[in-house]
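Shown below: upload-v6.tsv, with TSV, C-alpha atoms and all ligand atoms.
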```tsv
chain	number	residue	atom	x	y	z
A	1	MET	CA	91.29	77.87	78.59
A	2	SER	CA	93.94	79.58	80.58
A	3	ILE	CA	93.70	83.12	81.90
A	4	LYS	CA	96.17	85.65	80.51
A	5	VAL	CA	98.15	87.20	83.38
A	6	THR	CA	100.04	90.50	83.17
A	7	VAL	CA	102.25	91.48	86.09
A	8	SER	CA	103.69	94.94	86.77
A	9	PRO	CA	105.85	96.17	89.65
A	10	THR	CA	103.19	98.66	90.83
A	11	LYS	CA	99.47	99.20	90.41
A	12	GLU	CA	100.13	102.64	88.89
A	13	GLN	CA	102.19	101.02	86.14
A	14	ALA	CA	99.70	98.17	85.74
A	15	VAL	CA	96.71	100.39	84.99
A	16	LYS	CA	98.48	102.43	82.28
A	17	ALA	CA	97.94	99.71	79.67
A	18	VAL	CA	94.37	99.05	80.83
A	19	ALA	CA	93.45	102.73	80.58
A	20	ALA	CA	95.12	102.90	77.15
A	21	GLU	CA	93.04	99.92	75.97
A	22	ILE	CA	89.85	101.55	77.23
A	23	ALA	CA	90.83	104.85	75.56
A	24	ALA	CA	91.52	103.07	72.27
A	25	LEU	CA	88.09	101.41	72.39
A	26	ILE	CA	86.33	104.70	73.16
A	27	ARG	CA	88.14	106.52	70.34
A	28	ALA	CA	87.57	103.72	67.81
A	29	ARG	CA	83.85	103.68	68.59
A	30	ALA	CA	83.66	107.49	68.46
A	31	ALA	CA	85.23	107.41	64.98
A	32	GLU	CA	82.38	105.09	63.89
A	33	GLY	CA	79.76	107.25	65.63
A	34	LYS	CA	79.06	104.43	68.10
A	35	GLU	CA	78.95	103.88	71.86
A	36	ALA	CA	81.63	102.11	73.87
A	37	ILE	CA	80.04	99.98	76.59
A	38	LEU	CA	82.08	99.66	79.77
A	39	GLY	CA	81.35	97.40	82.74
A	40	LEU	CA	82.72	99.03	85.89
A	41	ALA	CA	83.59	98.01	89.44
A	42	THR	CA	83.87	99.86	92.74
A	43	GLY	CA	85.98	99.17	95.85
A	44	SER	CA	89.54	100.25	96.50
A	45	THR	CA	91.11	98.40	93.55
A	46	PRO	CA	89.88	100.37	90.48
A	47	VAL	CA	90.44	103.84	92.02
A	48	VAL	CA	93.92	104.05	90.48
A	49	LEU	CA	92.49	103.12	87.05
A	50	TYR	CA	89.81	105.82	87.33
A	51	LYS	CA	92.52	108.35	88.25
A	52	GLU	CA	94.37	107.47	85.05
A	53	LEU	CA	91.17	107.73	82.95
A	54	ILE	CA	90.51	111.17	84.47
A	55	ARG	CA	94.09	112.16	83.59
A	56	LEU	CA	93.57	110.99	80.00
A	57	HIS	CA	90.41	113.10	79.86
A	58	LYS	CA	92.02	116.23	81.33
A	59	GLU	CA	95.46	116.03	79.72
A	60	GLU	CA	94.96	114.07	76.53
A	61	GLY	CA	91.48	115.08	75.46
A	62	LEU	CA	89.81	111.68	75.91
A	63	SER	CA	86.07	112.29	75.69
A	64	PHE	CA	83.50	110.05	77.40
A	65	LYS	CA	80.57	111.47	75.42
A	66	ASN	CA	80.10	108.19	73.56
A	67	VAL	CA	80.46	105.99	76.65
A	68	THR	CA	77.70	103.96	78.31
A	69	THR	CA	78.50	102.21	81.59
A	70	PHE	CA	77.01	99.39	83.64
A	71	ASN	CA	78.30	98.87	87.17
A	72	LEU	CA	78.54	95.45	88.72
A	73	ASP	CA	76.67	95.97	91.92
A	74	GLU	CA	75.05	98.09	94.62
A	75	TYR	CA	74.29	97.62	98.29
A	76	TYR	CA	70.64	96.84	98.91
A	77	GLY	CA	69.01	99.52	101.04
A	78	LEU	CA	71.39	102.39	100.28
A	79	PRO	CA	70.19	105.32	98.15
A	80	GLY	CA	72.60	106.74	95.55
A	81	THR	CA	73.09	109.81	97.72
A	82	HIS	CA	74.53	107.74	100.63
A	83	ASP	CA	78.30	108.24	100.82
A	84	GLN	CA	78.88	104.47	100.98
A	85	SER	CA	76.65	103.63	98.02
A	86	TYR	CA	78.33	102.49	94.83
A	87	ARG	CA	76.44	105.13	92.80
A	88	TYR	CA	77.97	107.82	95.02
A	89	PHE	CA	81.40	106.18	94.67
A	90	MET	CA	81.19	106.16	90.87
A	91	ASN	CA	80.10	109.79	90.74
A	92	THR	CA	82.89	110.99	93.01
A	93	GLU	CA	85.69	108.71	91.74
A	94	LEU	CA	85.01	108.98	88.00
A	95	PHE	CA	81.81	110.37	86.51
A	96	ASP	CA	82.00	113.86	88.10
A	97	HIS	CA	85.47	114.36	86.60
A	98	VAL	CA	84.85	113.44	82.95
A	99	ASP	CA	82.37	114.54	80.28
A	100	ILE	CA	80.15	111.45	80.50
A	101	ASP	CA	76.36	111.83	80.23
A	102	LYS	CA	75.21	110.53	83.65
A	103	ASN	CA	71.95	109.34	82.07
A	104	LYS	CA	74.05	106.69	80.33
A	105	THR	CA	75.68	105.47	83.54
A	106	HIS	CA	73.90	102.52	85.13
A	107	VAL	CA	74.27	101.20	88.67
A	108	PRO	CA	71.79	98.62	90.03
A	109	ASN	CA	69.13	100.34	92.12
A	110	GLY	CA	69.50	99.36	95.77
A	111	MET	CA	66.23	101.03	96.75
A	112	VAL	CA	63.76	98.92	94.75
A	113	PRO	CA	61.03	97.48	97.03
A	114	GLN	CA	61.77	93.84	97.86
A	115	GLU	CA	58.88	92.49	95.77
A	116	GLN	CA	60.18	94.29	92.67
A	117	VAL	CA	63.85	93.29	92.95
A	118	ALA	CA	63.64	90.27	90.62
A	119	GLU	CA	61.96	92.33	87.91
A	120	ALA	CA	64.52	95.16	88.27
A	121	CYS	CA	67.36	92.61	88.00
A	122	ALA	CA	65.91	91.10	84.82
A	123	LYS	CA	65.61	94.61	83.38
A	124	TYR	CA	69.27	95.34	84.20
A	125	ASP	CA	70.34	92.29	82.18
A	126	ALA	CA	67.97	93.25	79.36
A	127	ASP	CA	69.34	96.82	79.32
A	128	ILE	CA	72.92	95.52	78.96
A	129	LYS	CA	71.82	93.34	76.03
A	130	ALA	CA	69.88	96.18	74.41
A	131	ALA	CA	72.98	98.41	74.63
A	132	GLY	CA	74.88	95.78	72.61
A	133	GLY	CA	76.63	94.00	75.49
A	134	VAL	CA	79.64	95.02	77.56
A	135	ASP	CA	82.83	95.58	75.51
A	136	ILE	CA	85.27	95.68	78.44
A	137	GLN	CA	84.31	94.57	81.95
A	138	ILE	CA	86.56	95.75	84.80
A	139	LEU	CA	86.57	93.54	87.91
A	140	GLY	CA	88.16	93.48	91.35
A	141	ILE	CA	88.19	90.30	93.44
A	142	GLY	CA	87.19	89.65	97.03
A	143	ARG	CA	89.21	87.38	99.32
A	144	THR	CA	86.27	84.94	99.18
A	145	GLY	CA	86.78	84.68	95.41
A	146	HIS	CA	83.76	86.84	94.72
A	147	ILE	CA	83.46	88.88	91.53
A	148	GLY	CA	80.77	91.49	91.68
A	149	PHE	CA	79.09	90.36	94.89
A	150	ASN	CA	78.77	86.75	93.78
A	151	GLU	CA	79.86	84.99	96.94
A	152	PRO	CA	80.67	81.26	96.98
A	153	PRO	CA	78.97	78.94	96.30
A	154	CYS	CA	78.02	80.45	92.95
A	155	GLY	CA	77.66	78.80	89.55
A	156	PRO	CA	78.54	80.23	86.14
A	157	GLU	CA	74.94	80.65	84.96
A	158	THR	CA	73.74	83.28	87.42
A	159	ARG	CA	72.24	86.52	86.11
A	160	THR	CA	71.75	89.84	87.93
A	161	HIS	CA	70.24	88.98	91.32
A	162	GLN	CA	70.10	89.82	95.01
A	163	VAL	CA	72.72	88.21	97.25
A	164	LYS	CA	73.48	87.91	100.94
A	165	LEU	CA	76.99	89.17	101.69
A	166	ASP	CA	79.60	86.84	103.15
A	167	GLU	CA	80.84	87.54	106.72
A	168	LEU	CA	84.41	88.06	105.45
A	169	THR	CA	83.21	90.56	102.85
A	170	ILE	CA	81.19	92.46	105.46
A	171	LYS	CA	84.30	92.57	107.69
A	172	ASP	CA	86.61	93.65	104.85
A	173	ASN	CA	84.20	96.36	103.75
A	174	ALA	CA	83.71	97.67	107.30
A	175	ARG	CA	87.50	97.84	107.70
A	176	LEU	CA	87.99	99.84	104.51
A	177	PHE	CA	84.73	101.75	104.33
A	178	PHE	CA	81.65	102.38	106.49
A	179	HIS	CA	83.85	104.28	108.94
A	180	GLY	CA	85.02	100.89	110.26
A	181	LYS	CA	81.58	100.09	111.70
A	182	ILE	CA	80.51	96.54	110.90
A	183	GLU	CA	76.88	97.17	111.91
A	184	GLU	CA	76.57	99.83	109.19
A	185	VAL	CA	77.48	97.49	106.31
A	186	PRO	CA	74.30	96.30	104.54
A	187	THR	CA	73.85	92.52	104.62
A	188	SER	CA	72.69	92.15	101.03
A	189	ALA	CA	73.41	93.59	97.61
A	190	VAL	CA	72.20	93.48	94.01
A	191	THR	CA	74.88	92.20	91.65
A	192	MET	CA	75.39	91.19	88.05
A	193	GLY	CA	75.59	87.38	88.01
A	194	VAL	CA	78.66	85.41	86.98
A	195	GLY	CA	76.82	84.56	83.74
A	196	THR	CA	76.18	88.27	83.12
A	197	ILE	CA	79.91	88.97	83.64
A	198	LEU	CA	80.92	86.07	81.36
A	199	ASP	CA	78.83	87.63	78.55
A	200	ALA	CA	81.25	90.60	78.35
A	201	LYS	CA	83.43	90.58	75.24
A	202	LYS	CA	86.60	91.21	77.27
A	203	VAL	CA	87.10	90.89	81.05
A	204	ILE	CA	89.97	92.59	82.90
A	205	LEU	CA	90.36	91.64	86.57
A	206	LEU	CA	92.60	93.90	88.64
A	207	ALA	CA	94.24	92.87	91.92
A	208	TRP	CA	96.89	94.51	94.10
A	209	GLY	CA	98.73	93.47	97.23
A	210	GLU	CA	99.73	90.35	99.05
A	211	ASN	CA	96.35	89.75	100.68
A	212	LYS	CA	94.92	88.91	97.23
A	213	ALA	CA	97.74	86.49	96.31
A	214	ASP	CA	96.05	83.30	97.62
A	215	ILE	CA	92.71	83.90	95.93
A	216	ILE	CA	94.44	84.91	92.68
A	217	LYS	CA	96.31	81.61	92.70
A	218	ARG	CA	93.09	79.63	93.33
A	219	SER	CA	91.26	81.55	90.59
A	220	VAL	CA	93.95	81.00	87.96
A	221	LYS	CA	95.32	77.54	88.81
A	222	ASP	CA	92.55	75.49	90.45
A	223	ALA	CA	89.78	73.82	88.46
A	224	PRO	CA	86.74	76.14	88.09
A	225	SER	CA	84.39	75.66	91.01
A	226	GLU	CA	81.38	77.16	92.75
A	227	MET	CA	83.59	77.70	95.78
A	228	CYS	CA	85.66	80.29	93.93
A	229	PRO	CA	83.35	82.28	91.60
A	230	ALA	CA	86.31	84.09	89.95
A	231	SER	CA	87.59	80.73	88.73
A	232	TRP	CA	84.70	80.62	86.20
A	233	LEU	CA	86.64	83.29	84.30
A	234	GLN	CA	88.86	80.44	83.09
A	235	GLN	CA	85.93	79.53	80.82
A	236	HIS	CA	85.81	83.00	79.25
A	237	PRO	CA	87.58	83.36	75.88
A	238	ASP	CA	89.19	86.74	76.57
A	239	THR	CA	89.99	87.35	80.23
A	240	GLU	CA	93.13	89.05	81.51
A	241	PHE	CA	94.27	89.34	85.13
A	242	VAL	CA	96.27	92.54	85.60
A	243	LEU	CA	98.29	92.21	88.82
A	244	ASP	CA	101.04	93.88	90.78
A	245	THR	CA	103.98	91.76	91.86
A	246	ALA	CA	102.54	91.13	95.35
A	247	ALA	CA	99.17	89.85	94.08
A	248	ALA	CA	100.99	87.59	91.60
A	249	SER	CA	103.47	86.29	94.19
A	250	LYS	CA	101.83	82.86	94.62
A	251	LEU	CA	101.39	82.05	90.93
A	301	LIG	C1	82.89	96.04	93.63
A	301	LIG	C2	82.87	94.59	93.54
A	301	LIG	C3	83.70	93.71	94.43
A	301	LIG	C4	85.12	94.23	94.67
A	301	LIG	C5	85.85	93.32	95.63
A	301	LIG	C6	87.25	93.81	95.94
A	301	LIG	O1	82.04	96.61	92.66
A	301	LIG	O2	82.16	94.09	92.75
A	301	LIG	O3	83.77	92.44	93.84
A	301	LIG	O4	85.78	94.32	93.45
A	301	LIG	O5	85.14	93.20	96.83
A	301	LIG	O6	87.17	94.99	96.70
A	301	LIG	P1	88.47	95.88	96.92
A	301	LIG	O7	88.83	96.44	95.58
A	301	LIG	O8	88.02	96.99	97.85
A	301	LIG	O9	89.52	95.00	97.47
```
Let me see the file written as structure tokens.
Ligand code: F6R
Amino acid sequence: MSIKVTVSPTKEQAVKAVAAEIAALIRARAAEGKEAILGLATGSTPVVLYKELIRLHKEEGLSFKNVTTFNLDEYYGLPGTHDQSYRYFMNTELFDHVDIDKNKTHVPNGMVPQEQVAEACAKYDADIKAAGGVDIQILGIGRTGHIGFNEPPCGPETRTHQVKLDELTIKDNARLFFHGKIEEVPTSAVTMGVGTILDAKKVILLAWGENKADIIKRSVKDAPSEMCPASWLQQHPDTEFVLDTAAASKL
């Protein structure tokens, strides 16, 4: 199966259609009295999408009252109140600005005692299933080819689990976040597995900028492999890569 690729001149233009698709899903489900289930990502990439969703809420009356969310991942060892935790990120970048019920927003718990992590991960997968499965999963991509925090090597069957972070990811995240301090970046995380992600009905991977161009090319063009976890998306029946011109420049 080949991945559908949509290229726009800028990320601001690129996310318009994605936000419109999410809004259409939410409104269609609301009309049926049902929930829309969104899978969400953190990092620098989706911020522009969340800005557009907030605009749709404030200016066009899009309500998030019938929305349930499941985030991809969380650093292990950071409480949700820590300003670098993904729970904190989601609250400040999206949830605090729309009318979503926070009780229906799920982020893996990074503070579970080590001996209970496996059980908490299994429950996260079970909760996604019980909610009816993810309708639209938003992804970014790391320069290692990771989706969620599934670093290479990673097969397509993995479920929510604890992972050790790759050196390159720790470096990239210290550069952008953690006040630039590498020693403050946690060394492990809890993440949905590639198999969990592949269960979503639709997957939309966003990528901006030239420094993502190589890994985008590998993910779309090379045979699926454990060395590039994003390449497993080629086996998903409804995956779209939404790119700006720079991220698409090597395709
Ligand atoms: C975040 C996540 C990661 C990021 C990836 C890209 O929830 O799962 O896979 O999407 O590390 O990060 P940015 O967007 O900062 O380049």
Distance in Å - atom CA of Leu176 of chain A versus atom CA of Met227 of chain A
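Taking atom CA of Leu176 of chain A as the start and atom CA of Met227 of chain A as the end point, the length is 24.2 Å.
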For Gln234 of chain A, please output as a PDB file with C-alpha atoms, in the coordinates of the input all residues within 10 Å (counting all atoms listed in the file; exclusion window: fewer than 6 positions along the same chain).
```pdb
ATOM      1  CA  MET A   1      91.290  77.870  78.590  1.00  0.00           C
ATOM      2  CA  SER A   2      93.940  79.580  80.580  1.00  0.00           C
ATOM      3  CA  ILE A   3      93.700  83.120  81.900  1.00  0.00           C
ATOM      4  CA  LYS A   4      96.170  85.650  80.510  1.00  0.00           C
ATOM      5  CA  LEU A 198      80.920  86.070  81.360  1.00  0.00           C
ATOM      6  CA  SER A 219      91.260  81.550  90.590  1.00  0.00           C
ATOM      7  CA  VAL A 220      93.950  81.000  87.960  1.00  0.00           C
ATOM      8  CA  LYS A 221      95.320  77.540  88.810  1.00  0.00           C
ATOM      9  CA  ASP A 222      92.550  75.490  90.450  1.00  0.00           C
ATOM     10  CA  ALA A 223      89.780  73.820  88.460  1.00  0.00           C
ATOM     11  CA  PRO A 224      86.740  76.140  88.090  1.00  0.00           C
ATOM     12  CA  GLU A 240      93.130  89.050  81.510  1.00  0.00           C
TER      13      GLU A 240
END
```
For Pro152 of chain A, list every protein, DNA or RNA residue within 8 Å, evaluated using all atoms listed in the file, and leave out those in the same chain fewer than 4 positions away; present the list as a compact mmCIF listing (two decimals) with C-alpha atoms, keeping the file's coordinate frame.
```txt
# COMPACT_ATOMS: atom_id res chain seq x y z
CA THR A 144 86.27 84.94 99.18
CA GLY A 145 86.78 84.68 95.41
CA HIS A 146 83.76 86.84 94.72
CA GLU A 226 81.38 77.16 92.75
CA MET A 227 83.59 77.70 95.78
CA CYS A 228 85.66 80.29 93.93
CA PRO A 229 83.35 82.28 91.60
```
Please list as a list in words every residue within 9 Å of Gly193 of chain A, counting only C-alpha atoms and excluding residues in the same chain fewer than 5 positions away.
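The filter keeps Leu72, Ile147, Gly148, Phe149, Asn150, Cys154, Gly155, Pro156, Glu157, Thr158, Arg159, Thr160, His161 and Leu198 of chain A.
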I'd like to know which of A:Glu151, A:Glu93, A:Glu184, A:Asp135 is closest to ligand LIG 301 (chain A), using only C-alpha atoms and all ligand atoms.
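Ranking A:Glu151, A:Glu93, A:Glu184, A:Asp135 by distance to ligand LIG 301 (chain A), first place goes to A:Glu151.
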Write out as a ChimeraX atom specification which residues come within 10 Å of segment 29-32 of chain A when counting only C-alpha atoms, dropping same-chain ones fewer than 6 positions away.
/A:23,63-67
In Å to one decimal, how far is atom CA of Ala246 of chain A from atom CA of Val7 of chain A?
9.3 Å
Distance atom CA of Lys212 of chain A-atom O6 of ligand LIG 301 (chain A), one decimal place?
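Computing it gives 9.9 Å between the two atoms.
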Please check which protein, DNA or RNA residues sit within 8 Å of ligand LIG 301 (chain A), counting all atoms listed in the file, and write them as a PyMOL selection string.
chain A and resi 40-46+71-74+86+139-143+146-150+169+172-173+176+191+207
Could you check the closest approach to Asn103 of chain A for each of A:Met90, A:Gln13, A:Thr69, A:Tyr76 and tell me which residue wins, using all atoms listed in the file?
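Smallest separation from Asn103 of chain A among the options: A:Thr69.
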I'd like the contact shell of Pro9 of chain A - 12 Å cut-off, only C-alpha atoms, skipping same-chain residues fewer than 4 positions apart - returned as a PyMOL selection string.
chain A and resi 13-15+208-209+242-249
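Close to (77.8, 96.2, 77.9), meaning no more than 9 Å away when counting only C-alpha atoms, sit the residues Ala36, Ile37, Leu38, Gly39, Thr68, Thr69, Phe70, Asp127, Ile128, Lys129, Ala130, Ala131, Gly132, Gly133, Val134, Asp135, Ile136, Gln137, Asp199, Ala200 and Lys201 of chain A.
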Which one is closest to Glu21 of chain A: A:Glu183, A:Val98, A:Pro237, A:Glu52? Count only C-alpha atoms.
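Checking each candidate against Glu21 of chain A, we get A:Glu52 as the closest.
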Counting all atoms listed in the file, the residue of A:Asp125, A:Ala28, A:Leu49, A:Ile138 that sits nearest Lys11 of chain A:
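Among the listed residues, A:Leu49 lies closest to Lys11 of chain A.
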Just segment 145-217 of chain A, please, as a PDB file, in the first residue's frame (only C-alpha atoms).
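Okay, out-v5.pdb is ready:
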```pdb
ATOM      1  CA  GLY A 145      11.919   7.464  12.320  1.00  0.00           C
ATOM      2  CA  HIS A 146      10.109   7.157  15.618  1.00  0.00           C
ATOM      3  CA  ILE A 147       6.342   7.610  15.873  1.00  0.00           C
ATOM      4  CA  GLY A 148       5.132   8.081  19.395  1.00  0.00           C
ATOM      5  CA  PHE A 149       8.345   7.181  21.197  1.00  0.00           C
ATOM      6  CA  ASN A 150       8.825   3.924  19.312  1.00  0.00           C
ATOM      7  CA  GLU A 151      12.518   4.138  18.555  1.00  0.00           C
ATOM      8  CA  PRO A 152      14.192   1.785  16.067  1.00  0.00           C
ATOM      9  CA  PRO A 153      14.388  -1.162  16.074  1.00  0.00           C
ATOM     10  CA  CYS A 154      10.633  -1.547  16.542  1.00  0.00           C
ATOM     11  CA  GLY A 155       8.226  -4.001  14.946  1.00  0.00           C
ATOM     12  CA  PRO A 156       4.626  -3.397  13.863  1.00  0.00           C
ATOM     13  CA  GLU A 157       3.041  -5.513  16.618  1.00  0.00           C
ATOM     14  CA  THR A 158       4.050  -3.483  19.672  1.00  0.00           C
ATOM     15  CA  ARG A 159       1.372  -2.268  22.076  1.00  0.00           C
ATOM     16  CA  THR A 160       1.582   0.505  24.689  1.00  0.00           C
ATOM     17  CA  HIS A 161       4.860  -0.040  26.549  1.00  0.00           C
ATOM     18  CA  GLN A 162       7.828   1.595  28.242  1.00  0.00           C
ATOM     19  CA  VAL A 163      10.774   2.546  26.030  1.00  0.00           C
ATOM     20  CA  LYS A 164      14.303   3.825  26.424  1.00  0.00           C
ATOM     21  CA  LEU A 165      14.787   7.036  24.445  1.00  0.00           C
ATOM     22  CA  ASP A 166      17.327   7.202  21.637  1.00  0.00           C
ATOM     23  CA  GLU A 167      20.378   9.497  22.100  1.00  0.00           C
ATOM     24  CA  LEU A 168      19.357  11.593  19.069  1.00  0.00           C
ATOM     25  CA  THR A 169      15.847  12.038  20.468  1.00  0.00           C
ATOM     26  CA  ILE A 170      17.220  13.080  23.872  1.00  0.00           C
ATOM     27  CA  LYS A 171      19.479  15.611  22.107  1.00  0.00           C
ATOM     28  CA  ASP A 172      16.687  16.950  19.874  1.00  0.00           C
ATOM     29  CA  ASN A 173      14.326  17.290  22.826  1.00  0.00           C
ATOM     30  CA  ALA A 174      16.940  19.045  24.990  1.00  0.00           C
ATOM     31  CA  ARG A 175      17.587  21.483  22.136  1.00  0.00           C
ATOM     32  CA  LEU A 176      13.920  22.358  21.719  1.00  0.00           C
ATOM     33  CA  PHE A 177      12.647  21.873  25.258  1.00  0.00           C
ATOM     34  CA  PHE A 178      14.046  21.197  28.738  1.00  0.00           C
ATOM     35  CA  HIS A 179      15.670  24.626  28.673  1.00  0.00           C
ATOM     36  CA  GLY A 180      18.393  23.110  26.452  1.00  0.00           C
ATOM     37  CA  LYS A 181      19.706  20.928  29.294  1.00  0.00           C
ATOM     38  CA  ILE A 182      20.366  17.378  28.149  1.00  0.00           C
ATOM     39  CA  GLU A 183      20.666  16.043  31.721  1.00  0.00           C
ATOM     40  CA  GLU A 184      17.064  17.092  32.435  1.00  0.00           C
ATOM     41  CA  VAL A 185      15.532  14.997  29.633  1.00  0.00           C
ATOM     42  CA  PRO A 186      14.128  11.741  31.055  1.00  0.00           C
ATOM     43  CA  THR A 187      15.741   8.626  29.573  1.00  0.00           C
ATOM     44  CA  SER A 188      12.542   6.625  29.194  1.00  0.00           C
ATOM     45  CA  ALA A 189       8.913   7.142  28.256  1.00  0.00           C
ATOM     46  CA  VAL A 190       5.600   5.306  28.042  1.00  0.00           C
ATOM     47  CA  THR A 191       4.251   5.195  24.499  1.00  0.00           C
ATOM     48  CA  MET A 192       1.468   3.674  22.448  1.00  0.00           C
ATOM     49  CA  GLY A 193       3.041   0.884  20.389  1.00  0.00           C
ATOM     50  CA  VAL A 194       3.231   0.860  16.603  1.00  0.00           C
ATOM     51  CA  GLY A 195       0.483  -1.796  16.654  1.00  0.00           C
ATOM     52  CA  THR A 196      -1.686   0.473  18.812  1.00  0.00           C
ATOM     53  CA  ILE A 197      -1.157   3.317  16.308  1.00  0.00           C
ATOM     54  CA  LEU A 198      -1.908   1.037  13.333  1.00  0.00           C
ATOM     55  CA  ASP A 199      -5.294   0.193  14.914  1.00  0.00           C
ATOM     56  CA  ALA A 200      -6.494   3.793  14.369  1.00  0.00           C
ATOM     57  CA  LYS A 201      -9.086   4.139  11.609  1.00  0.00           C
ATOM     58  CA  LYS A 202      -7.213   7.046  10.004  1.00  0.00           C
ATOM     59  CA  VAL A 203      -3.621   8.195  10.621  1.00  0.00           C
ATOM     60  CA  ILE A 204      -2.382  11.690   9.732  1.00  0.00           C
ATOM     61  CA  LEU A 205       1.366  12.265  10.098  1.00  0.00           C
ATOM     62  CA  LEU A 206       2.505  15.892  10.055  1.00  0.00           C
ATOM     63  CA  ALA A 207       6.056  17.011   9.246  1.00  0.00           C
ATOM     64  CA  TRP A 208       7.588  20.428   8.603  1.00  0.00           C
ATOM     65  CA  GLY A 209      11.025  21.616   7.584  1.00  0.00           C
ATOM     66  CA  GLU A 210      14.069  20.356   5.798  1.00  0.00           C
ATOM     67  CA  ASN A 211      15.469  18.416   8.749  1.00  0.00           C
ATOM     68  CA  LYS A 212      12.572  15.937   8.408  1.00  0.00           C
ATOM     69  CA  ALA A 213      13.021  15.464   4.629  1.00  0.00           C
ATOM     70  CA  ASP A 214      15.375  12.433   4.827  1.00  0.00           C
ATOM     71  CA  ILE A 215      13.282  10.466   7.298  1.00  0.00           C
ATOM     72  CA  ILE A 216      10.081  11.291   5.377  1.00  0.00           C
ATOM     73  CA  LYS A 217      11.664   9.868   2.233  1.00  0.00           C
TER      74      LYS A 217
END
```
